$ cat my_file29.cif   # mmCIF, C-alpha atoms
data_start
loop_
_atom_site.label_atom_id
_atom_site.label_comp_id
_atom_site.auth_asym_id
_atom_site.auth_seq_id
_atom_site.Cartn_x
_atom_site.Cartn_y
_atom_site.Cartn_z
CA MET A 251 76.20 -35.72 282.70
CA THR A 252 74.96 -32.15 282.39
CA PRO A 253 74.92 -29.81 279.37
CA ILE A 254 77.55 -27.07 279.20
CA ARG A 255 76.33 -23.57 279.92
CA GLY A 256 77.98 -20.16 279.94
CA GLY A 257 81.39 -20.97 278.46
CA ALA A 258 82.94 -22.19 281.75
CA VAL A 259 84.59 -25.54 282.30
CA SER A 260 81.94 -27.95 283.59
CA GLU A 261 82.38 -29.27 287.12
CA GLU A 262 82.62 -32.84 285.77
CA ILE A 263 85.52 -31.94 283.48
CA ARG A 264 87.17 -29.75 286.10
CA ALA A 265 87.17 -32.69 288.52
CA VAL A 266 89.09 -34.80 285.98
CA LEU A 267 91.53 -31.99 285.11
CA GLU A 268 92.26 -31.49 288.81
CA GLY A 269 92.69 -35.22 289.46
CA ARG A 270 89.65 -35.59 291.72
CA GLU A 271 87.92 -37.97 289.28
CA ARG A 272 89.17 -40.48 286.72
CA TRP A 273 86.70 -39.79 283.92
CA ALA A 274 83.82 -37.65 282.71
CA VAL A 275 81.43 -37.69 279.77
CA VAL A 276 79.51 -34.52 278.98
CA CYS A 277 76.52 -34.28 276.66
CA ALA A 278 77.16 -31.20 274.56
CA ASP A 279 78.40 -29.95 271.21
CA ASN A 280 82.18 -29.90 271.37
CA ARG A 281 82.11 -26.34 269.99
CA GLU A 282 80.71 -25.33 273.37
CA VAL A 283 83.16 -27.40 275.41
CA LEU A 284 86.59 -27.37 273.79
CA PRO A 285 87.13 -23.59 273.94
CA THR A 286 86.65 -23.74 277.73
CA LEU A 287 89.62 -26.08 278.22
CA PRO A 288 93.13 -24.70 278.89
CA ASP A 289 95.97 -25.08 276.40
CA LYS A 290 97.78 -28.44 276.62
CA SER A 291 95.36 -29.61 279.32
CA VAL A 292 95.13 -33.17 277.95
CA ALA A 293 97.97 -35.52 277.12
CA HIS A 294 96.30 -37.07 274.07
CA THR A 295 93.28 -36.71 271.83
CA ILE A 296 92.04 -39.95 270.29
CA CYS A 297 88.87 -39.64 268.26
CA ASP A 298 86.69 -41.00 265.49
CA PRO A 299 85.13 -37.89 263.87
CA PRO A 300 82.02 -38.16 261.67
CA TYR A 301 82.55 -39.66 258.22
CA GLU A 302 82.78 -37.54 255.08
CA ALA A 303 79.75 -36.78 252.91
CA GLU A 304 80.74 -39.59 250.52
CA ALA A 305 79.89 -42.15 253.21
CA HIS A 306 76.43 -40.72 253.78
CA THR A 307 74.66 -42.44 250.93
CA LEU A 308 71.33 -44.20 250.75
CA GLN A 309 73.15 -47.31 249.54
CA ARG A 310 75.27 -47.59 252.68
CA ARG A 311 74.42 -50.60 254.85
CA VAL A 312 74.38 -49.65 258.52
CA LYS A 313 74.47 -51.89 261.58
CA ARG A 314 71.42 -51.10 263.67
CA GLU A 315 70.53 -52.09 267.23
CA GLY A 316 70.31 -55.85 267.56
CA GLY A 317 73.14 -56.34 265.08
CA THR A 318 70.95 -56.28 261.95
CA MET A 319 72.18 -54.67 258.73
CA SER A 320 69.95 -52.44 256.64
CA PRO A 321 70.53 -49.89 253.86
CA GLY A 322 70.24 -46.25 254.74
CA PRO A 323 72.18 -43.10 255.62
CA LEU A 324 74.01 -42.60 258.89
CA SER A 325 72.08 -40.88 261.65
CA PHE A 326 74.65 -38.10 262.19
CA PRO A 327 75.66 -35.29 259.79
CA PRO A 328 78.87 -35.58 257.77
CA MET A 329 82.12 -33.85 258.58
CA THR A 330 82.59 -30.59 256.69
CA GLN A 331 85.89 -28.89 255.92
CA GLU A 332 84.92 -25.98 258.18
CA ASP A 333 84.25 -28.37 261.08
CA ARG A 334 87.50 -30.23 260.39
CA ILE A 335 89.62 -27.08 260.46
CA TRP A 336 88.00 -25.90 263.69
CA SER A 337 88.24 -29.30 265.39
CA ALA A 338 91.86 -29.85 264.33
CA ALA A 339 92.88 -26.41 265.62
CA GLN A 340 91.31 -27.17 269.00
CA MET A 341 92.95 -30.61 269.12
CA ALA A 342 96.36 -29.12 268.38
CA ARG A 343 95.86 -26.41 271.01
CA LEU A 344 94.68 -28.72 273.78
CA THR A 345 96.94 -31.74 273.25
CA ALA A 346 100.37 -32.02 274.84
CA ARG A 347 101.36 -35.21 273.00
CA TRP A 348 99.49 -37.29 270.40
CA SER A 349 96.47 -36.22 268.33
CA ILE A 350 94.96 -39.27 266.63
CA ALA A 351 91.96 -39.21 264.29
CA PHE A 352 90.26 -41.97 262.30
CA CYS A 353 89.05 -40.99 258.84
CA GLN A 354 88.31 -42.21 255.34
CA VAL A 355 91.32 -42.45 253.08
CA GLU A 356 89.98 -39.53 251.04
CA ALA A 357 90.19 -37.31 254.13
CA ALA A 358 93.59 -38.36 255.49
CA VAL A 359 95.50 -35.54 253.81
CA LYS A 360 92.79 -33.05 254.81
CA TRP A 361 93.05 -34.02 258.48
CA THR A 362 96.86 -33.98 258.32
CA SER A 363 96.88 -30.49 256.82
CA ALA A 364 94.31 -29.18 259.30
CA LEU A 365 96.28 -30.48 262.29
CA MET A 366 99.49 -28.98 260.90
CA ASP A 367 97.77 -25.64 260.34
CA GLY A 368 96.66 -25.80 263.98
CA GLY A 369 100.27 -26.16 265.13
CA ALA A 370 100.72 -29.93 265.44
CA VAL A 371 103.41 -31.92 263.62
CA ALA A 372 102.28 -34.65 261.23
CA LYS A 373 103.98 -37.96 262.00
CA ARG A 374 102.29 -40.74 260.05
CA ILE A 375 99.11 -41.93 258.37
CA GLY A 376 98.35 -45.44 259.57
CA VAL A 377 95.64 -47.90 258.61
CA TRP A 378 93.09 -50.02 260.40
CA VAL A 379 92.70 -53.15 258.27
CA LYS A 380 89.30 -54.88 258.58
CA PRO A 381 89.56 -58.54 257.52
CA ASP A 382 85.77 -58.80 257.78
CA GLY A 383 85.09 -55.50 256.04
CA MET A 384 81.81 -55.16 254.19
CA PRO A 385 81.89 -56.27 250.53
CA GLN A 386 80.95 -53.94 247.67
CA PHE A 387 77.34 -54.98 247.12
CA SER A 388 77.11 -53.27 243.72
CA GLY A 389 79.93 -55.53 242.48
CA ASP A 390 81.30 -52.82 240.20
CA ARG A 391 84.43 -52.02 242.27
CA PRO A 392 86.49 -53.40 245.17
CA GLY A 393 85.09 -53.06 248.66
CA MET A 394 86.77 -50.79 251.20
CA GLY A 395 88.59 -52.95 253.74
CA TYR A 396 90.38 -50.33 255.81
CA GLU A 397 90.24 -46.88 257.39
CA SER A 398 93.03 -44.36 257.71
CA ILE A 399 94.35 -43.13 261.05
CA VAL A 400 96.13 -39.77 261.19
CA PHE A 401 98.86 -39.47 263.81
CA ALA A 402 100.10 -35.99 264.73
CA HIS A 403 102.13 -34.78 267.70
CA ALA A 404 102.69 -31.53 269.53
CA LYS A 405 105.89 -29.71 268.66
CA GLY A 406 108.90 -31.33 270.25
CA ARG A 407 110.22 -34.87 270.32
CA SER A 408 107.58 -37.55 269.93
CA ARG A 409 107.51 -40.87 271.76
CA TRP A 410 105.30 -43.95 271.73
CA ASN A 411 105.41 -47.48 273.13
CA GLY A 412 105.60 -49.30 269.81
CA SER A 413 109.33 -49.02 269.05
CA GLY A 414 109.86 -49.50 265.30
CA ARG A 415 106.72 -51.49 264.42
CA ASN A 416 104.56 -50.27 261.56
CA GLY A 417 101.32 -48.34 261.75
CA VAL A 418 99.04 -51.14 260.55
CA PHE A 419 96.34 -52.29 262.97
CA ILE A 420 94.44 -55.45 262.06
CA HIS A 421 91.15 -56.00 263.87
CA ASN A 422 87.82 -57.38 262.74
CA LYS A 423 85.21 -54.71 262.32
CA ASN A 424 82.59 -56.93 263.92
CA ASP A 425 84.72 -57.91 266.91
CA LEU A 426 82.23 -56.22 269.21
CA SER A 427 81.97 -58.35 272.31
CA GLU A 428 79.96 -55.54 273.83
CA ARG A 429 77.57 -53.90 271.38
CA SER A 430 76.50 -50.42 272.34
CA GLY A 431 74.02 -49.86 269.51
CA HIS A 432 76.18 -47.16 267.90
CA GLU A 433 76.23 -47.68 264.12
CA THR A 434 79.95 -46.93 263.72
CA GLN A 435 81.24 -48.39 266.99
CA LYS A 436 84.96 -49.19 266.95
CA PRO A 437 86.03 -52.63 268.27
CA THR A 438 87.40 -52.48 271.80
CA PRO A 439 90.56 -54.52 270.96
CA LEU A 440 91.52 -51.89 268.37
CA MET A 441 91.11 -49.03 270.84
CA LEU A 442 92.97 -50.96 273.54
CA GLU A 443 95.92 -51.38 271.17
CA LEU A 444 96.00 -47.69 270.26
CA VAL A 445 95.71 -46.52 273.86
CA GLU A 446 98.43 -48.92 275.01
CA LEU A 447 100.82 -47.95 272.20
CA PHE A 448 100.43 -44.18 272.26
CA THR A 449 99.70 -43.30 275.89
CA ASP A 450 101.09 -44.00 279.35
CA PRO A 451 99.34 -44.95 282.61
CA ASP A 452 97.45 -42.12 284.35
CA GLU A 453 97.66 -39.80 281.33
CA LEU A 454 94.52 -37.93 280.33
CA ILE A 455 92.84 -38.79 277.01
CA LEU A 456 90.25 -36.57 275.32
CA ASP A 457 87.67 -37.79 272.80
CA PRO A 458 85.64 -34.87 271.43
CA PHE A 459 83.50 -37.24 269.30
CA CYS A 460 82.86 -39.73 272.08
CA GLY A 461 79.97 -41.72 270.61
CA SER A 462 79.19 -44.66 272.89
CA GLY A 463 82.51 -44.37 274.72
CA THR A 464 84.75 -47.14 273.39
CA THR A 465 87.87 -44.96 273.66
CA GLY A 466 86.92 -44.28 277.26
CA VAL A 467 86.44 -47.99 277.97
CA ALA A 468 89.98 -48.66 276.69
CA ALA A 469 91.35 -45.74 278.71
CA ILE A 470 89.77 -46.85 281.99
CA ARG A 471 90.71 -50.51 281.46
CA LEU A 472 94.37 -49.55 280.93
CA GLY A 473 94.60 -47.14 283.86
CA ARG A 474 94.35 -43.87 281.94
CA ARG A 475 92.01 -40.95 282.65
CA PHE A 476 89.37 -39.83 280.18
CA ILE A 477 87.18 -36.91 279.08
CA GLY A 478 84.52 -37.58 276.46
CA ILE A 479 82.18 -35.17 274.69
CA GLU A 480 79.10 -36.42 272.82
CA ARG A 481 76.22 -34.28 271.59
CA ASP A 482 73.70 -37.09 271.06
CA PRO A 483 71.99 -37.66 274.44
CA LYS A 484 71.30 -41.32 273.63
CA TYR A 485 74.94 -42.18 272.99
CA ALA A 486 76.24 -39.94 275.78
CA ALA A 487 74.05 -41.86 278.23
CA ILE A 488 75.36 -45.17 276.92
CA ALA A 489 78.94 -43.92 277.26
CA VAL A 490 78.33 -42.94 280.88
CA GLU A 491 76.79 -46.34 281.59
CA ARG A 492 79.68 -48.19 279.93
CA LEU A 493 82.39 -46.23 281.75
CA ALA A 494 80.61 -46.58 285.09
CA ALA A 495 80.52 -50.35 284.54
CA GLU A 496 84.16 -50.43 283.40
CA SER A 497 85.20 -48.51 286.51
CA GLN A 498 83.80 -51.42 288.53
CA GLY A 499 85.57 -54.00 286.38
CA LEU A 500 82.36 -54.99 284.60
CA SER A 501 81.13 -55.04 281.03
CA LEU A 502 77.96 -53.15 280.17
CA THR A 503 76.13 -56.45 279.73
CA ALA A 504 77.25 -57.70 283.15
CA ALA A 505 76.37 -54.44 284.87
CA ARG A 506 72.90 -54.41 283.32
CA ALA A 507 72.40 -57.98 284.50
CA GLY A 508 73.15 -56.89 288.06
CA GLN A 509 76.50 -58.64 288.36
CA ILE A 510 78.74 -57.43 291.20
CA ALA A 511 82.47 -56.92 290.68
CA LEU A 512 84.60 -59.37 292.64
CA PHE A 513 87.67 -57.20 293.09
CA GLY A 514 86.41 -53.65 292.60
CA GLY A 515 87.21 -51.35 289.74
CA ALA A 516 89.38 -48.39 288.88
CA LYS A 517 89.08 -45.48 291.30
#
$ encode --input "my_file29.cif" --output "C-alpha coordinates"
Amino acid sequence: MTPIRGGAVSEEIRAVLEGRERWAVVCADNREVLPTLPDKSVAHTICDPPYEAEAHTLQRRVKREGGTMSPGPLSFPPMTQEDRIWSAAQMARLTARWSIAFCQVEAAVKWTSALMDGGAVAKRIGVWVKPDGMPQFSGDRPGMGYESIVFAHAKGRSRWNGSGRNGVFIHNKNDLSERSGHETQKPTPLMLELVELFTDPDELILDPFCGSGTTGVAAIRLGRRFIGIERDPKYAAIAVERLAAESQGLSLTAARAGQIALFGGAK
(Lines of atoms letter the chains of each structure in order from A and count residues from 1; the text may use other names and numbers.)
(Lines give C-alpha, C1' and ligand atoms only; values in the text may rest on other atoms or scores of the structure.)
Protein backbone atom coordinates (compact mmCIF):
# COMPACT_ATOMS: atom_id res chain seq x y z
CA MET A 1 0.00 0.00 0.00
CA THR A 2 2.30 2.72 -1.29
CA PRO A 3 1.57 6.35 -2.20
CA ILE A 4 1.28 7.26 -5.87
CA ARG A 5 4.19 9.16 -7.34
CA GLY A 6 4.94 10.63 -10.75
CA GLY A 7 1.60 10.18 -12.50
CA ALA A 8 2.19 6.52 -13.50
CA VAL A 9 -0.10 3.63 -12.69
CA SER A 10 1.07 2.09 -9.41
CA GLU A 11 2.42 -1.46 -9.56
CA GLU A 12 -0.36 -2.62 -7.21
CA ILE A 13 -3.08 -1.30 -9.52
CA ARG A 14 -1.27 -2.50 -12.64
CA ALA A 15 -1.19 -6.03 -11.21
CA VAL A 16 -4.99 -5.97 -10.83
CA LEU A 17 -5.58 -4.44 -14.28
CA GLU A 18 -3.39 -7.14 -15.84
CA GLY A 19 -5.08 -9.95 -13.89
CA ARG A 20 -2.04 -10.89 -11.80
CA GLU A 21 -3.77 -9.92 -8.54
CA ARG A 22 -7.40 -9.88 -7.39
CA TRP A 23 -7.40 -6.61 -5.47
CA ALA A 24 -5.42 -3.54 -4.46
CA VAL A 25 -5.92 -0.62 -2.10
CA VAL A 26 -3.71 2.44 -2.54
CA CYS A 27 -3.33 5.25 -0.03
CA ALA A 28 -3.51 8.42 -2.08
CA ASP A 29 -5.76 11.26 -3.18
CA ASN A 30 -7.85 9.98 -6.07
CA ARG A 31 -6.92 13.12 -8.03
CA GLU A 32 -3.43 11.63 -8.26
CA VAL A 33 -4.59 8.12 -9.15
CA LEU A 34 -7.62 8.26 -11.43
CA PRO A 35 -5.95 10.21 -14.27
CA THR A 36 -3.33 7.44 -14.52
CA LEU A 37 -5.92 4.77 -15.34
CA PRO A 38 -6.86 3.97 -18.96
CA ASP A 39 -10.31 4.70 -20.38
CA LYS A 40 -12.90 2.00 -19.63
CA SER A 41 -10.34 0.07 -17.58
CA VAL A 42 -12.85 -0.93 -14.88
CA ALA A 43 -16.21 -2.58 -15.35
CA HIS A 44 -17.96 -0.69 -12.54
CA THR A 45 -17.44 2.14 -10.10
CA ILE A 46 -19.32 1.78 -6.81
CA CYS A 47 -18.61 4.48 -4.26
CA ASP A 48 -19.78 6.43 -1.25
CA PRO A 49 -18.35 9.95 -1.77
CA PRO A 50 -18.07 12.42 1.13
CA TYR A 51 -21.33 13.95 2.34
CA GLU A 52 -22.42 17.45 1.40
CA ALA A 53 -21.66 20.48 3.58
CA GLU A 54 -25.16 20.30 5.08
CA ALA A 55 -24.22 17.05 6.85
CA HIS A 56 -21.12 18.57 8.42
CA THR A 57 -22.77 20.24 11.36
CA LEU A 58 -21.80 20.40 15.01
CA GLN A 59 -25.19 18.90 15.86
CA ARG A 60 -24.57 15.72 13.87
CA ARG A 61 -24.18 12.61 16.02
CA VAL A 62 -21.33 10.44 14.76
CA LYS A 63 -20.55 6.81 15.55
CA ARG A 64 -17.03 6.68 16.94
CA GLU A 65 -14.73 3.72 17.57
CA GLY A 66 -16.26 1.34 20.07
CA GLY A 67 -19.75 2.01 18.73
CA THR A 68 -20.44 5.07 20.92
CA MET A 69 -22.42 8.03 19.57
CA SER A 70 -21.33 11.60 20.20
CA PRO A 71 -22.18 14.99 18.65
CA GLY A 72 -19.64 16.56 16.39
CA PRO A 73 -18.64 17.14 12.76
CA LEU A 74 -17.38 14.41 10.47
CA SER A 75 -13.62 13.98 10.29
CA PHE A 76 -13.39 14.39 6.50
CA PRO A 77 -14.12 17.51 4.40
CA PRO A 78 -17.44 17.84 2.57
CA MET A 79 -17.96 17.22 -1.12
CA THR A 80 -17.82 20.39 -3.20
CA GLN A 81 -19.40 20.93 -6.60
CA GLU A 82 -15.93 21.25 -8.16
CA ASP A 83 -14.87 17.90 -6.68
CA ARG A 84 -18.15 16.30 -7.78
CA ILE A 85 -17.77 17.43 -11.39
CA TRP A 86 -14.17 16.21 -11.54
CA SER A 87 -14.92 12.88 -9.86
CA ALA A 88 -17.99 12.21 -12.02
CA ALA A 89 -16.05 12.94 -15.22
CA GLN A 90 -13.35 10.47 -14.18
CA MET A 91 -15.95 7.84 -13.24
CA ALA A 92 -17.67 8.19 -16.60
CA ARG A 93 -14.35 7.98 -18.45
CA LEU A 94 -13.04 4.94 -16.61
CA THR A 95 -16.20 2.84 -16.27
CA ALA A 96 -17.34 0.41 -18.95
CA ARG A 97 -20.68 -0.40 -17.31
CA TRP A 98 -22.29 0.91 -14.10
CA SER A 99 -21.31 4.03 -12.14
CA ILE A 100 -23.03 3.99 -8.74
CA ALA A 101 -22.73 6.71 -6.11
CA PHE A 102 -24.39 7.11 -2.70
CA CYS A 103 -25.40 10.65 -1.79
CA GLN A 104 -27.82 12.78 0.20
CA VAL A 105 -31.14 13.37 -1.47
CA GLU A 106 -30.21 17.04 -1.96
CA ALA A 107 -27.25 15.97 -4.11
CA ALA A 108 -28.90 13.26 -6.22
CA VAL A 109 -29.68 15.56 -9.14
CA LYS A 110 -26.21 17.14 -8.89
CA TRP A 111 -24.50 13.75 -9.15
CA THR A 112 -26.82 12.69 -11.99
CA SER A 113 -26.05 15.85 -13.95
CA ALA A 114 -22.31 15.58 -13.33
CA LEU A 115 -22.20 11.96 -14.53
CA MET A 116 -24.22 12.86 -17.63
CA ASP A 117 -21.90 15.79 -18.37
CA GLY A 118 -19.01 13.33 -18.12
CA GLY A 119 -20.57 11.12 -20.80
CA ALA A 120 -22.51 8.54 -18.79
CA VAL A 121 -26.24 7.88 -19.19
CA ALA A 122 -28.47 8.42 -16.15
CA LYS A 123 -30.62 5.36 -15.46
CA ARG A 124 -32.26 5.72 -12.05
CA ILE A 125 -32.07 7.28 -8.61
CA GLY A 126 -32.61 4.57 -6.02
CA VAL A 127 -32.85 4.69 -2.25
CA TRP A 128 -31.27 2.92 0.67
CA VAL A 129 -33.97 2.79 3.36
CA LYS A 130 -32.64 2.62 6.94
CA PRO A 131 -35.29 1.17 9.29
CA ASP A 132 -33.04 2.02 12.23
CA GLY A 133 -32.11 5.48 10.96
CA MET A 134 -31.20 8.09 13.54
CA PRO A 135 -34.14 10.15 14.87
CA GLN A 136 -34.26 13.94 14.61
CA PHE A 137 -33.01 14.88 18.08
CA SER A 138 -34.20 18.49 17.79
CA GLY A 139 -37.77 17.20 17.36
CA ASP A 140 -38.68 20.06 15.03
CA ARG A 141 -38.80 18.00 11.80
CA PRO A 142 -38.83 14.38 10.60
CA GLY A 143 -35.61 12.41 10.78
CA MET A 144 -33.84 11.32 7.60
CA GLY A 145 -34.36 7.58 7.14
CA TYR A 146 -32.78 7.01 3.75
CA GLU A 147 -29.96 7.90 1.36
CA SER A 148 -30.14 8.27 -2.39
CA ILE A 149 -28.16 6.08 -4.79
CA VAL A 150 -27.44 7.38 -8.29
CA PHE A 151 -27.21 4.74 -11.00
CA ALA A 152 -25.62 5.71 -14.32
CA HIS A 153 -24.31 3.57 -17.17
CA ALA A 154 -21.84 3.93 -20.00
CA LYS A 155 -23.36 4.63 -23.39
CA GLY A 156 -24.93 1.55 -24.90
CA ARG A 157 -27.41 -1.00 -23.64
CA SER A 158 -27.45 -1.45 -19.88
CA ARG A 159 -27.89 -4.74 -18.06
CA TRP A 160 -28.16 -5.82 -14.43
CA ASN A 161 -29.08 -8.97 -12.52
CA GLY A 162 -32.23 -7.62 -10.89
CA SER A 163 -34.75 -8.07 -13.70
CA GLY A 164 -37.70 -5.72 -13.09
CA ARG A 165 -37.42 -5.24 -9.32
CA ASN A 166 -37.37 -1.72 -7.95
CA GLY A 167 -34.39 0.30 -6.79
CA VAL A 168 -35.21 0.27 -3.08
CA PHE A 169 -32.66 -1.36 -0.79
CA ILE A 170 -33.71 -1.94 2.83
CA HIS A 171 -30.90 -2.56 5.29
CA ASN A 172 -30.36 -1.49 8.87
CA LYS A 173 -27.77 1.22 9.19
CA ASN A 174 -26.32 -0.45 12.27
CA ASP A 175 -26.14 -3.93 10.75
CA LEU A 176 -22.37 -3.87 11.10
CA SER A 177 -21.30 -7.35 12.07
CA GLU A 178 -17.75 -6.19 11.50
CA ARG A 179 -17.10 -2.65 12.69
CA SER A 180 -14.12 -0.99 11.10
CA GLY A 181 -14.20 2.23 13.12
CA HIS A 182 -15.16 4.33 10.08
CA GLU A 183 -17.85 6.83 11.08
CA THR A 184 -19.92 6.40 7.90
CA GLN A 185 -19.31 2.69 7.26
CA LYS A 186 -21.91 1.07 4.99
CA PRO A 187 -23.40 -2.26 6.15
CA THR A 188 -21.87 -5.23 4.37
CA PRO A 189 -25.28 -6.80 3.47
CA LEU A 190 -26.19 -3.63 1.55
CA MET A 191 -22.95 -3.66 -0.43
CA LEU A 192 -23.27 -7.40 -1.08
CA GLU A 193 -26.72 -6.81 -2.57
CA LEU A 194 -25.51 -3.99 -4.83
CA VAL A 195 -22.46 -5.89 -6.03
CA GLU A 196 -24.51 -9.01 -6.74
CA LEU A 197 -27.23 -7.10 -8.62
CA PHE A 198 -25.07 -4.82 -10.75
CA THR A 199 -21.89 -6.78 -11.45
CA ASP A 200 -20.84 -10.21 -12.68
CA PRO A 201 -18.20 -12.64 -11.37
CA ASP A 202 -14.57 -11.69 -12.09
CA GLU A 203 -15.47 -8.14 -13.16
CA LEU A 204 -13.34 -5.31 -11.83
CA ILE A 205 -14.92 -2.81 -9.41
CA LEU A 206 -13.37 0.57 -8.57
CA ASP A 207 -14.08 2.55 -5.39
CA PRO A 208 -12.30 5.93 -5.49
CA PHE A 209 -13.60 6.80 -1.98
CA CYS A 210 -12.69 3.47 -0.44
CA GLY A 211 -12.92 4.30 3.27
CA SER A 212 -12.48 1.13 5.31
CA GLY A 213 -13.10 -1.11 2.30
CA THR A 214 -16.65 -2.46 2.64
CA THR A 215 -17.22 -2.36 -1.13
CA GLY A 216 -14.02 -4.35 -1.53
CA VAL A 217 -15.13 -6.90 1.07
CA ALA A 218 -18.35 -7.46 -0.91
CA ALA A 219 -16.41 -7.69 -4.17
CA ILE A 220 -13.94 -10.28 -2.90
CA ARG A 221 -16.65 -12.33 -1.17
CA LEU A 222 -18.66 -12.53 -4.41
CA GLY A 223 -15.72 -13.37 -6.66
CA ARG A 224 -15.17 -9.94 -8.21
CA ARG A 225 -11.89 -8.01 -8.46
CA PHE A 226 -11.37 -4.68 -6.74
CA ILE A 227 -9.34 -1.47 -6.76
CA GLY A 228 -9.79 0.94 -3.86
CA ILE A 229 -8.35 4.41 -3.32
CA GLU A 230 -8.37 6.04 0.12
CA ARG A 231 -6.40 9.12 1.14
CA ASP A 232 -6.66 8.67 4.91
CA PRO A 233 -3.79 6.35 5.92
CA LYS A 234 -5.72 5.02 8.92
CA TYR A 235 -8.69 3.85 6.88
CA ALA A 236 -6.55 2.68 3.96
CA ALA A 237 -4.66 0.41 6.35
CA ILE A 238 -7.91 -0.97 7.74
CA ALA A 239 -9.17 -1.62 4.20
CA VAL A 240 -6.01 -3.55 3.36
CA GLU A 241 -6.35 -5.59 6.54
CA ARG A 242 -10.02 -6.35 5.88
CA LEU A 243 -9.47 -7.41 2.26
CA ALA A 244 -6.47 -9.54 3.19
CA ALA A 245 -8.64 -11.32 5.77
CA GLU A 246 -11.54 -11.66 3.32
CA SER A 247 -9.20 -13.18 0.74
CA GLN A 248 -8.55 -15.96 3.26
CA GLY A 249 -12.24 -16.42 3.99
CA LEU A 250 -11.99 -14.67 7.35
CA SER A 251 -13.58 -11.65 8.97
CA LEU A 252 -11.33 -8.90 10.28
CA THR A 253 -12.18 -9.92 13.84
CA ALA A 254 -11.28 -13.56 13.17
CA ALA A 255 -8.03 -12.65 11.42
CA ARG A 256 -6.98 -10.39 14.28
CA ALA A 257 -7.72 -13.21 16.71
CA GLY A 258 -5.34 -15.45 14.80
CA GLN A 259 -7.97 -17.77 13.35
CA ILE A 260 -6.87 -19.88 10.38
CA ALA A 261 -9.13 -20.36 7.36
CA LEU A 262 -10.34 -23.94 6.98
CA PHE A 263 -10.77 -23.97 3.21
CA GLY A 264 -8.58 -21.13 1.98
CA GLY A 265 -9.73 -17.89 0.45
CA ALA A 266 -10.07 -16.20 -2.91
CA LYS A 267 -6.91 -16.20 -4.99
$ atom_distance --input "my_file29.cif" --atom1 "CA of Met341 (chain A)" --atom2 "CA of Met366 (chain A)"
10.6 Å
$ residues_near_point --input "my_file29.cif" --point "(98.7, -29.6, 275.8)" --cutoff "10 Å" --atoms "only C-alpha atoms" --output "ChimeraX atom specification"
/A:288-295,341-348,404
$ resolve_selection --input "my_file29.cif" --expression "the PyMOL selection byres ((chain A and resi 444-452) around 10)" --output "PyMOL selection string"
chain A and resi 269+272+293-294+296+347-350+401+409-413+419+438-443+453-455+465-466+468-476
$ resolve_selection --input "my_file29.cif" --expression "the PyMOL selection byres ((chain A and resi 399) around 7)" --output "list in words"
Ile350, Ala351, Phe352, Cys353, Ile375, Gly376, Val377, Glu397, Ser398, Val400 and Phe401 of chain A
$ atom_distance --input "my_file29.cif" --atom1 "CA of Gly383 (chain A)" --atom2 "CA of Leu500 (chain A)"
28.7 Å
